[in-house]
>>> print(open('target_37.txt').read())   # compact mmCIF, C-alpha atoms and all ligand atoms
# COMPACT_ATOMS: atom_id res chain seq x y z
CA MET H 30 0.00 0.00 0.00
CA GLU H 31 1.39 3.36 -0.89
CA ASN H 32 1.76 5.82 1.93
CA THR H 33 -0.56 8.80 1.29
CA SER H 34 0.07 10.72 4.51
CA TRP H 35 1.83 13.41 2.47
CA ILE H 36 -1.37 14.40 0.60
CA PRO H 37 -2.78 16.85 3.24
CA THR H 38 0.70 18.41 3.53
CA ILE H 39 0.75 18.89 -0.25
CA GLN H 40 -2.70 20.50 -0.20
CA GLU H 41 -1.46 22.97 2.43
CA GLN H 42 1.64 23.66 0.37
CA VAL H 43 -0.39 24.39 -2.77
CA LYS H 44 -2.35 26.93 -0.74
CA ARG H 45 0.83 28.48 0.65
CA ILE H 46 2.83 28.76 -2.56
CA SER H 47 -0.15 30.08 -4.55
CA GLU H 48 0.70 33.40 -2.90
CA SER H 49 3.55 33.77 -5.42
CA SER H 50 2.56 34.93 -8.89
CA PHE H 51 4.60 32.05 -10.35
CA TYR H 52 2.48 29.29 -8.80
CA ARG H 53 -0.78 31.29 -8.81
CA LYS H 54 -0.52 31.59 -12.61
CA ARG H 55 0.59 27.98 -12.99
CA PHE H 56 -2.19 26.51 -10.89
CA GLN H 57 -4.83 28.84 -12.40
CA SER H 58 -3.83 27.86 -15.92
CA MET H 59 -4.44 24.22 -15.06
CA GLY H 60 -7.58 25.01 -13.04
CA LEU H 61 -6.05 23.44 -9.94
CA LYS H 62 -7.30 24.12 -6.42
CA PRO H 63 -5.63 22.68 -3.30
CA GLY H 64 -8.62 20.40 -2.56
CA ASP H 65 -8.33 18.84 -6.03
CA ILE H 66 -5.33 16.78 -4.90
CA ARG H 67 -6.89 13.82 -3.12
CA SER H 68 -4.73 10.94 -4.32
CA PRO H 69 -1.25 10.29 -5.74
CA GLU H 70 -2.94 10.02 -9.16
CA ASP H 71 -4.35 13.57 -8.84
CA PHE H 72 -0.91 14.80 -7.87
CA GLN H 73 0.77 13.04 -10.80
CA LYS H 74 -1.44 14.89 -13.29
CA ILE H 75 0.10 18.23 -12.32
CA PRO H 76 2.57 19.33 -15.02
CA LEU H 77 6.29 19.19 -14.28
CA MET H 78 8.46 22.31 -14.01
CA ASP H 79 12.17 22.87 -14.55
CA THR H 80 14.98 25.41 -14.25
CA LYS H 81 13.83 27.19 -17.43
CA ASP H 82 10.52 28.04 -15.71
CA LEU H 83 12.44 29.49 -12.76
CA GLN H 84 14.65 31.48 -15.13
CA LYS H 85 11.59 32.90 -16.92
CA ASP H 86 10.02 33.95 -13.61
CA LEU H 87 13.25 35.69 -12.65
CA GLU H 88 13.30 37.64 -15.92
CA GLU H 89 9.65 38.63 -15.60
CA ASN H 90 10.01 39.72 -11.96
CA PRO H 91 13.48 41.28 -11.56
CA PRO H 92 15.63 41.26 -9.57
CA HIS H 93 14.38 38.67 -7.07
CA GLY H 94 11.74 36.67 -8.98
CA SER H 95 8.31 35.88 -7.55
CA LEU H 96 9.55 32.98 -5.39
CA PHE H 97 11.22 35.46 -3.05
CA HIS H 98 9.73 35.25 0.47
CA PRO H 99 9.62 38.37 2.69
CA GLU H 100 10.89 36.36 5.67
CA THR H 101 14.03 35.26 3.82
CA VAL H 102 17.09 35.12 6.09
CA ARG H 103 19.51 33.44 3.68
CA MET H 104 20.14 33.75 -0.04
CA THR H 105 22.31 31.23 -1.86
CA LEU H 106 23.07 31.19 -5.57
CA SER H 107 22.87 28.37 -8.03
CA PRO H 108 24.10 28.18 -11.65
CA GLY H 109 21.17 28.49 -14.07
CA PRO H 110 20.67 28.64 -17.84
CA LYS H 111 21.62 32.35 -17.96
CA GLY H 112 23.90 32.76 -14.97
CA LEU H 113 23.53 32.55 -11.21
CA MET H 114 20.01 32.23 -9.82
CA PRO H 115 18.98 33.22 -6.27
CA ILE H 116 17.58 30.62 -3.87
CA TYR H 117 15.72 31.90 -0.81
CA HIS H 118 15.55 30.30 2.63
CA THR H 119 13.36 31.58 5.47
CA ARG H 120 14.16 30.97 9.15
CA GLN H 121 11.65 28.12 9.10
CA ASP H 122 13.25 26.64 5.97
CA VAL H 123 16.72 26.76 7.55
CA ASP H 124 15.43 25.18 10.80
CA GLU H 125 13.66 22.37 8.94
CA VAL H 126 16.76 21.56 6.89
CA ASN H 127 18.90 21.64 10.06
CA ARG H 128 16.55 19.18 11.77
CA GLU H 129 16.47 16.80 8.80
CA LEU H 130 20.24 16.89 8.36
CA ALA H 131 20.81 16.38 12.09
CA ALA H 132 18.53 13.29 11.98
CA MET H 133 20.46 11.98 8.98
CA TYR H 134 23.84 12.55 10.63
CA ARG H 135 22.57 10.85 13.80
CA ALA H 136 21.55 7.83 11.68
CA CYS H 137 25.20 7.64 10.63
CA GLY H 138 26.37 7.46 14.24
CA VAL H 139 27.46 11.10 14.58
CA GLY H 140 26.86 12.74 17.96
CA PRO H 141 27.70 15.78 20.10
CA ASP H 142 31.06 14.26 21.08
CA ASP H 143 32.27 14.43 17.50
CA ILE H 144 34.45 17.17 16.09
CA ALA H 145 33.52 17.83 12.49
CA ALA H 146 35.17 19.78 9.68
CA ILE H 147 33.74 20.89 6.34
CA THR H 148 35.86 21.45 3.27
CA PHE H 149 33.03 22.50 0.96
CA GLY H 150 32.93 26.17 -0.02
CA TYR H 151 30.98 28.61 2.18
CA HIS H 152 30.70 31.38 -0.40
CA LEU H 153 27.75 31.80 -2.79
CA PHE H 154 26.61 28.21 -2.93
CA ILE H 155 24.44 26.09 -0.69
CA ALA H 156 26.73 23.21 0.34
CA GLY H 157 29.12 24.44 3.06
CA ILE H 158 26.75 26.59 5.09
CA THR H 159 23.91 24.04 4.92
CA ILE H 160 25.98 21.07 6.08
CA HIS H 161 27.44 23.28 8.79
CA GLY H 162 23.94 24.11 10.08
CA GLY H 163 22.95 20.44 10.28
CA LEU H 164 26.07 19.43 12.21
CA GLU H 165 25.68 22.33 14.65
CA ALA H 166 22.01 21.43 15.17
CA LEU H 167 23.17 17.98 16.23
CA GLY H 168 25.55 19.55 18.74
CA CYS H 169 28.77 18.67 16.90
CA LYS H 170 31.80 20.86 17.36
CA THR H 171 32.02 22.06 13.77
CA ILE H 172 35.00 23.70 12.03
CA PRO H 173 34.19 25.75 8.89
CA LEU H 174 37.37 24.84 7.02
CA GLY H 175 36.31 25.54 3.46
CA PRO H 176 38.39 24.34 0.52
CA GLY H 177 42.16 24.44 0.89
CA GLU H 178 45.27 22.53 0.08
CA SER H 179 45.43 19.02 1.49
CA GLN H 180 48.55 19.30 3.68
CA ARG H 181 47.25 22.23 5.70
CA THR H 182 43.80 20.66 5.97
CA ALA H 183 45.28 17.37 7.22
CA GLU H 184 47.33 19.28 9.81
CA ILE H 185 44.20 20.94 11.19
CA LEU H 186 42.24 17.65 11.21
CA ASN H 187 45.04 15.96 13.15
CA ARG H 188 45.74 18.83 15.54
CA PHE H 189 42.10 18.98 16.71
CA ARG H 190 41.43 15.24 16.33
CA VAL H 191 38.60 15.74 13.90
CA THR H 192 36.42 12.61 13.69
CA VAL H 193 33.87 13.62 11.04
CA LEU H 194 34.68 15.16 7.67
CA ALA H 195 32.37 16.55 4.99
CA SER H 196 34.26 16.79 1.70
CA ASN H 197 34.20 15.77 -1.90
CA PRO H 198 35.60 12.25 -2.25
CA SER H 199 38.59 13.14 -4.45
CA PHE H 200 39.87 15.66 -1.89
CA ALA H 201 39.24 13.15 0.91
CA LEU H 202 41.47 10.70 -0.91
CA LYS H 203 44.31 13.25 -0.89
CA LEU H 204 43.79 13.75 2.85
CA ALA H 205 43.98 9.98 3.40
CA GLN H 206 47.36 10.03 1.69
CA GLU H 207 48.52 12.75 4.11
CA GLY H 208 47.35 10.52 7.01
CA VAL H 209 44.28 11.50 9.10
CA PRO H 210 43.99 8.64 11.64
CA ASN H 211 41.23 10.09 13.86
CA LEU H 212 38.63 10.28 11.10
CA ARG H 213 35.81 7.77 11.50
CA ILE H 214 33.11 9.08 9.13
CA LEU H 215 33.32 10.81 5.76
CA PHE H 216 30.28 12.62 4.36
CA ALA H 217 31.02 12.76 0.66
CA GLY H 218 29.23 14.89 -1.90
CA GLY H 219 29.67 17.16 -4.87
CA GLU H 220 30.99 14.43 -7.19
CA PRO H 221 29.80 10.99 -8.32
CA PHE H 222 30.68 8.61 -5.50
CA SER H 223 28.71 5.48 -4.58
CA SER H 224 27.52 5.17 -8.21
CA VAL H 225 31.13 4.72 -9.36
CA GLU H 226 32.13 1.08 -9.11
CA GLY H 227 35.10 0.51 -6.81
CA TYR H 228 35.29 4.13 -5.57
CA LYS H 229 34.18 3.33 -2.01
CA ASP H 230 36.61 0.39 -1.90
CA LYS H 231 39.41 2.69 -2.96
CA LEU H 232 38.62 5.13 -0.15
CA ARG H 233 38.24 2.36 2.39
CA GLN H 234 41.65 1.03 1.41
CA ALA H 235 43.12 4.50 1.86
CA PHE H 236 41.38 5.30 5.17
CA GLY H 237 40.99 1.88 6.79
CA LYS H 238 37.76 1.21 8.70
CA ILE H 239 35.61 4.28 8.16
CA GLY H 240 31.97 5.15 7.44
CA LEU H 241 31.61 6.39 3.85
CA ILE H 242 28.34 8.26 3.44
CA ASP H 243 27.21 9.46 0.01
CA SER H 244 24.82 12.36 -0.36
CA TYR H 245 22.80 14.04 -3.07
CA GLY H 246 21.63 17.64 -3.08
CA LEU H 247 20.80 20.39 -5.55
CA GLY H 248 21.64 24.06 -5.65
CA GLN H 249 17.89 24.61 -5.19
CA SER H 250 17.45 22.01 -2.46
CA THR H 251 19.93 20.38 -0.11
CA PRO H 252 19.68 17.65 1.11
CA VAL H 253 17.68 15.54 -1.36
CA ALA H 254 18.95 12.14 -0.20
CA ARG H 255 21.70 10.73 2.00
CA GLU H 256 23.00 7.35 3.12
CA CYS H 257 22.77 6.11 6.70
CA LYS H 258 25.40 3.94 8.39
CA GLU H 259 23.97 0.81 6.72
CA GLU H 260 25.19 2.24 3.35
CA ARG H 261 22.36 0.60 1.38
CA GLY H 262 21.70 3.58 -0.88
CA LEU H 263 20.66 7.20 -0.39
CA HIS H 264 17.51 7.63 1.74
CA VAL H 265 15.17 10.37 0.53
CA ALA H 266 14.98 13.41 2.85
CA ASP H 267 11.25 12.74 3.11
CA ASN H 268 10.56 15.15 5.96
CA LEU H 269 11.40 17.93 3.50
CA LEU H 270 10.31 16.69 0.12
CA TYR H 271 8.38 14.16 -1.92
CA LEU H 272 10.46 12.42 -4.58
CA GLU H 273 9.28 10.77 -7.80
CA ILE H 274 11.07 9.05 -10.68
CA VAL H 275 9.66 9.79 -14.13
CA GLU H 276 10.41 8.75 -17.67
CA PRO H 277 12.38 11.77 -19.00
CA GLU H 278 10.66 11.88 -22.42
CA THR H 279 7.05 11.55 -21.29
CA GLY H 280 6.98 12.54 -17.61
CA ARG H 281 5.24 9.22 -16.86
CA ILE H 282 5.78 7.92 -13.30
CA LEU H 283 8.05 4.88 -13.31
CA PRO H 284 7.67 1.91 -10.97
CA ASP H 285 10.23 1.17 -8.25
CA GLY H 286 13.52 -0.15 -9.57
CA GLU H 287 13.36 1.59 -12.96
CA ARG H 288 15.90 4.19 -13.97
CA GLY H 289 14.45 7.65 -14.63
CA GLU H 290 14.61 11.34 -13.83
CA VAL H 291 14.37 12.57 -10.24
CA VAL H 292 11.44 14.96 -9.66
CA ILE H 293 11.04 16.70 -6.30
CA THR H 294 8.30 18.60 -4.50
CA HIS H 295 8.95 20.55 -1.32
CA LEU H 296 6.44 19.76 1.41
CA ARG H 297 6.60 22.96 3.46
CA ARG H 298 9.32 25.16 2.03
CA GLN H 299 8.54 28.91 2.02
CA GLY H 300 11.44 30.43 0.04
CA SER H 301 12.01 29.20 -3.55
CA PRO H 302 9.57 26.26 -3.23
CA LEU H 303 9.77 23.61 -5.95
CA PHE H 304 6.68 21.73 -7.08
CA ARG H 305 7.17 18.66 -9.30
CA PHE H 306 10.58 20.02 -10.29
CA ARG H 307 12.62 18.10 -12.85
CA THR H 308 16.18 17.83 -11.59
CA GLY H 309 17.73 16.44 -14.78
CA ASP H 310 19.39 13.74 -12.64
CA LEU H 311 18.94 10.04 -13.33
CA SER H 312 18.42 7.60 -10.51
CA VAL H 313 16.51 4.54 -9.30
CA LEU H 314 14.01 4.65 -6.41
CA GLU H 315 13.18 1.65 -4.24
CA HIS H 316 11.30 1.19 -0.98
CA PHE H 317 12.49 -1.14 1.80
CA ASP H 318 12.65 -1.08 5.59
CA CYS H 319 16.06 0.12 6.75
CA SER H 320 17.07 -0.28 10.39
CA CYS H 321 17.34 3.52 10.62
CA GLY H 322 13.59 3.82 10.00
CA ARG H 323 13.69 5.23 6.45
CA LYS H 324 12.15 3.51 3.44
CA ALA H 325 12.36 5.52 0.19
CA THR H 326 15.90 5.07 -1.11
CA LEU H 327 17.87 5.96 -4.24
CA THR H 328 19.58 2.60 -4.22
CA ARG H 329 22.26 3.34 -6.78
CA GLY H 330 22.87 7.02 -6.15
CA VAL H 331 22.79 9.47 -9.04
CA LEU H 332 23.61 7.77 -12.33
CA GLY H 333 23.95 10.68 -14.72
CA ARG H 334 22.09 13.51 -16.42
CA THR H 335 19.08 13.41 -18.73
CA ASP H 336 20.35 16.35 -20.80
CA GLU H 337 21.48 14.52 -23.89
CA MET H 338 19.48 11.42 -24.56
CA HIS H 339 20.27 9.43 -27.71
CA LYS H 340 18.48 6.40 -29.04
CA VAL H 341 21.02 3.71 -29.90
CA LYS H 342 20.04 0.22 -31.04
CA GLY H 343 16.53 0.96 -29.82
CA VAL H 344 17.74 1.77 -26.28
CA LYS H 345 17.93 5.18 -24.62
CA LEU H 346 21.54 6.13 -24.01
CA TYR H 347 22.42 8.93 -21.60
CA PRO H 348 26.09 9.63 -22.29
CA SER H 349 26.89 10.98 -18.82
CA GLN H 350 26.16 7.49 -17.46
CA ILE H 351 29.21 6.33 -19.40
CA ASP H 352 31.30 8.81 -17.45
CA HIS H 353 30.20 7.17 -14.17
CA ILE H 354 31.25 3.76 -15.45
CA LEU H 355 34.61 4.97 -16.77
CA ARG H 356 35.46 6.59 -13.43
CA ALA H 357 36.27 3.07 -12.18
CA LEU H 358 39.43 3.25 -14.34
CA PRO H 359 42.38 4.60 -12.35
CA GLU H 360 43.79 6.83 -15.10
CA TYR H 361 40.51 8.15 -16.50
CA ALA H 362 40.07 11.94 -16.49
CA PRO H 363 36.33 12.74 -15.96
CA GLY H 364 34.55 13.74 -19.16
CA LYS H 365 37.35 12.59 -21.47
CA TYR H 366 35.33 10.24 -23.64
CA ARG H 367 33.46 10.39 -26.92
CA VAL H 368 30.49 8.48 -28.23
CA SER H 369 30.47 8.05 -32.00
CA LEU H 370 27.24 6.87 -33.60
CA SER H 371 27.06 5.79 -37.22
CA THR H 372 25.06 3.47 -39.43
CA LYS H 373 26.37 -0.02 -40.18
CA ALA H 374 26.73 -1.09 -43.80
CA GLY H 375 23.77 -3.45 -43.54
CA GLY H 376 21.70 -1.03 -41.41
CA GLY H 377 21.54 -0.74 -37.62
CA ASP H 378 23.56 1.47 -35.31
CA ARG H 379 27.28 1.29 -34.83
CA PHE H 380 28.32 2.58 -31.38
CA ARG H 381 31.99 3.39 -30.83
CA LEU H 382 33.27 4.53 -27.46
CA ILE H 383 36.56 6.40 -27.51
CA VAL H 384 38.35 7.21 -24.26
CA GLU H 385 41.36 9.44 -23.68
CA GLY H 386 44.16 7.70 -21.81
CA LYS H 387 46.29 4.58 -21.62
CA ASP H 388 44.71 1.35 -22.85
CA PRO H 389 44.10 -0.65 -19.64
CA GLY H 390 44.30 -4.02 -21.45
CA PRO H 391 41.69 -6.58 -22.49
CA PRO H 392 40.43 -7.74 -19.01
CA ALA H 393 39.71 -4.17 -17.82
CA LYS H 394 38.11 -3.30 -21.16
CA GLU H 395 35.92 -6.38 -21.03
CA LYS H 396 34.82 -5.41 -17.51
CA ILE H 397 33.77 -1.97 -18.69
CA ILE H 398 31.84 -3.37 -21.63
CA GLN H 399 30.13 -5.82 -19.29
CA ARG H 400 29.21 -3.04 -16.84
CA MET H 401 27.79 -0.98 -19.70
CA LYS H 402 25.70 -3.91 -20.82
CA GLU H 403 24.34 -4.33 -17.30
CA THR H 404 23.57 -0.71 -16.52
CA LEU H 405 22.95 0.88 -19.95
CA LEU H 406 21.46 -2.26 -21.51
CA ILE H 407 23.65 -1.77 -24.58
CA ARG H 408 27.31 -2.37 -25.24
CA PRO H 409 29.61 -0.43 -27.53
CA ASP H 410 30.68 -2.20 -30.70
CA THR H 411 34.21 -1.00 -30.05
CA LEU H 412 36.01 0.49 -27.08
CA GLU H 413 39.13 2.39 -28.10
CA PHE H 414 41.73 4.32 -26.14
CA VAL H 415 43.55 7.29 -27.68
CA GLU H 416 46.35 9.44 -26.30
CA LYS H 417 44.45 12.69 -26.85
CA LEU H 418 40.83 13.26 -27.86
CA PRO H 419 40.44 16.07 -30.38
CA GLU H 420 38.24 19.00 -29.35
CA GLY H 421 34.58 18.44 -30.12
CA PRO H 422 31.21 17.38 -28.78
CA ARG H 423 30.76 14.43 -26.43
CA VAL H 424 28.50 12.68 -28.88
CA VAL H 425 29.25 12.61 -32.58
CA GLU H 426 26.23 11.70 -34.71
CA GLU H 427 26.99 10.31 -38.12
CA ARG H 428 23.70 8.52 -38.65
CA TYR H 429 21.59 9.49 -41.61
ZN ZN H 501 19.02 3.54 6.72
>>> encode(input="target_37.txt", output="structure tokens")
Amino acid sequence: MENTSWIPTIQEQVKRISESSFYRKRFQSMGLKPGDIRSPEDFQKIPLMDTKDLQKDLEENPPHGSLFHPETVRMTLSPGPKGLMPIYHTRQDVDEVNRELAAMYRACGVGPDDIAAITFGYHLFIAGITIHGGLEALGCKTIPLGPGESQRTAEILNRFRVTVLASNPSFALKLAQEGVPNLRILFAGGEPFSSVEGYKDKLRQAFGKIGLIDSYGLGQSTPVARECKEERGLHVADNLLYLEIVEPETGRILPDGERGEVVITHLRRQGSPLFRFRTGDLSVLEHFDCSCGRKATLTRGVLGRTDEMHKVKGVKLYPSQIDHILRALPEYAPGKYRVSLSTKAGGGDRFRLIVEGKDPGPPAKEKIIQRMKETLLIRPDTLEFVEKLPEGPRVVEERY
């Protein structure tokens, strides 16, 4: 049975956000009143929105846009289609996020006795300051380190016996090489992590026994999902938002276990509320009982972007998913690959994958092809390695 306890909350939210001209116009144009949403099916009929809609609102209502809330206490910025876009947070929004993050950190075994440090940036963007608020709300002693070079960061972590670190995983790996023996939990974010095969193993080898927690957030909304200490996937931050997975081309809701685009709806947010917002991120949603009490989980993390979908051999190919798979190769530089699509002599698609870097040899290549077959449902006809990829687009279409 699907849980429908979120429906009254959604009705209230429709009422609340209709005060902005953006949603008032949207809901009026579809003839929607709060009481019309009585079931998940009613909710699913409401059209999706995306960043372009937010951009348009901003241009029509300069400089703040109509999603500005008069009780805003924090403004962060997020890259948009035409430059940085403002995101508003009221006191209530900040408190709700702090509570949800504190609950998530607690589910990872973090407590007031921990000393935490954050190496995400604190300027402009949402990450550093938001994570900081959650850790403080839990009672952690929290150091706002910000980004810096690894030697100095490691010195500070060691001097104050920091036990919890929030950082992107590639920087954490550098810190492990410097030696940071007191660390017991890493909150990773900002880069593909648990979705990259072997990445967690690599960090565990470098750090020894340590909790490795992946997280997913957006410039418009952080957190969206986060692992608990069981590390069985990223639990949805369901006290803050309702999350759906839709087929990117049609917007149709997909059943549990199917790969699709993440769509989020804020339950109570006052500043910059999102309502059935397309994130452009691909993931898989499943429901199970975790010992931490959460159910809705993005079991495989974020798998790529929907931006450039191509149909190859009858299957939808999202090139950025290839990047996630290639990141398992030690010498791979993120983004340095090319997909070449052409027509075979006898008809049908020919799919070549070209990667910049040293050829890792047949067993490693076979493993990549196998992984692609499993996760993308198609395999390249050839996988080639070149010393240097010429400048050009990620996907080269030569099909006529
Ligand atoms: Zn859990």
>>> closest_atom_pairs(input="target_37.txt", of="region 283-336 of chain H", to="region 120-135 of chain H", cutoff="9 Å", atoms="only C-alpha atoms", output="CSV")
residue,atom,partner,partner_atom,distance
H:Arg297,CA,H:Asp122,CA,8.0
H:Arg298,CA,H:Asp122,CA,5.8
H:Gln299,CA,H:Asp122,CA,6.6
H:Gly300,CA,H:Asp122,CA,7.3
>>> residues_near_ligand(input="target_37.txt", ligand="ligand ZN 501 (chain H)", cutoff="7 Å", atoms="all atoms listed in the file", output="MDAnalysis selection string")
chainID H and resid 256:259 261 264 319:323
>>> residues_around(input="target_37.txt", residues="region 416-421 of chain H", least_positions_apart="2", cutoff="7 Å", atoms="all atoms listed in the file", output="PyMOL selection string")
chain H and resi 385-387+414+423
>>> atom_distance(input="target_37.txt", atom1="CA of Lys231 (chain H)", atom2="CA of Pro141 (chain H)")
29.0 Å
>>> atom_distance(input="target_37.txt", atom1="CA of Leu346 (chain H)", atom2="CA of Tyr228 (chain H)")
23.1 Å
>>> closest_residue(input="target_37.txt", among="H:His316, H:Pro76, H:Gly237, H:Val139", to="Ala166 (chain H)", atoms="all atoms listed in the file")
H:Val139
>>> residues_around(input="target_37.txt", residues="region 182-193 of chain H", least_positions_apart="4", cutoff="7 Å", atoms="all atoms listed in the file", output="compact mmCIF listing (two decimals) with C-alpha atoms, keeping the file's coordinate frame")
# COMPACT_ATOMS: atom_id res chain seq x y z
CA ASP H 143 32.27 14.43 17.50
CA ILE H 144 34.45 17.17 16.09
CA ALA H 145 33.52 17.83 12.49
CA ALA H 146 35.17 19.78 9.68
CA GLY H 177 42.16 24.44 0.89
CA GLU H 178 45.27 22.53 0.08
CA LEU H 204 43.79 13.75 2.85
CA GLU H 207 48.52 12.75 4.11
CA VAL H 209 44.28 11.50 9.10
CA ASN H 211 41.23 10.09 13.86
CA LEU H 212 38.63 10.28 11.10
CA ARG H 213 35.81 7.77 11.50
CA ILE H 214 33.11 9.08 9.13
CA LEU H 215 33.32 10.81 5.76
>>> atom_distance(input="target_37.txt", atom1="CA of Tyr271 (chain H)", atom2="CA of Val253 (chain H)")
9.4 Å
>>> closest_residue(input="target_37.txt", among="H:Arg307, H:Arg233, H:His339, H:His98", to="Leu247 (chain H)", atoms="only C-alpha atoms")
H:Arg307
>>> residues_near_point(input="target_37.txt", point="(43.4, -5.4, -21.3)", cutoff="12 Å", atoms="only C-alpha atoms", output="list of chain:residue names")
H:Leu358, H:Lys387, H:Asp388, H:Pro389, H:Gly390, H:Pro391, H:Pro392, H:Ala393, H:Lys394, H:Glu395, H:Lys396, H:Ile397, H:Ile398, H:Leu412, H:Glu413, H:Phe414
>>> residues_near_point(input="target_37.txt", point="(22.5, 13.3, -17.2)", cutoff="10 Å", atoms="all atoms listed in the file", output="list of chain:residue names")
H:Glu290, H:Thr308, H:Gly309, H:Asp310, H:Leu311, H:Ser312, H:Val331, H:Leu332, H:Gly333, H:Arg334, H:Thr335, H:Asp336, H:Glu337, H:Met338, H:Leu346, H:Tyr347, H:Pro348, H:Ser349, H:Gln350, H:Ile351, H:Asp352
>>> closest_residue(input="target_37.txt", among="H:Gln234, H:Gln249, H:Ser223, H:Gln73", to="Leu113 (chain H)", atoms="only C-alpha atoms")
H:Gln249
>>> closest_residue(input="target_37.txt", among="H:Phe149, H:Arg329, H:Gly109, H:Thr159", to="Leu174 (chain H)", atoms="only C-alpha atoms")
H:Phe149
>>> closest_residue(input="target_37.txt", among="H:Leu83, H:Val292, H:Glu89, H:Ile39", to="Asp71 (chain H)", atoms="all atoms listed in the file")
H:Ile39
>>> closest_residue(input="target_37.txt", among="H:Lys342, H:Lys111, H:Arg367, H:Lys402", to="Ile383 (chain H)", atoms="only C-alpha atoms")
H:Arg367
>>> residues_around(input="target_37.txt", residues="Pro252 (chain H)", least_positions_apart="4", cutoff="7 Å", atoms="only C-alpha atoms", output="PyMOL selection string")
chain H and resi 245-246+266
>>> residues_around(input="target_37.txt", residues="Tyr52 (chain H)", least_positions_apart="5", cutoff="12 Å", atoms="all atoms listed in the file", output="MDAnalysis selection string")
chainID H and resid 42:47 57:63 75:76 78 82:83 86 94:96 301:305
>>> residues_around(input="target_37.txt", residues="Val225 (chain H)", least_positions_apart="4", cutoff="9 Å", atoms="all atoms listed in the file", output="list in words")
Pro221, Lys229, Leu332, His353, Ile354, Leu355, Arg356 and Ala357 of chain H
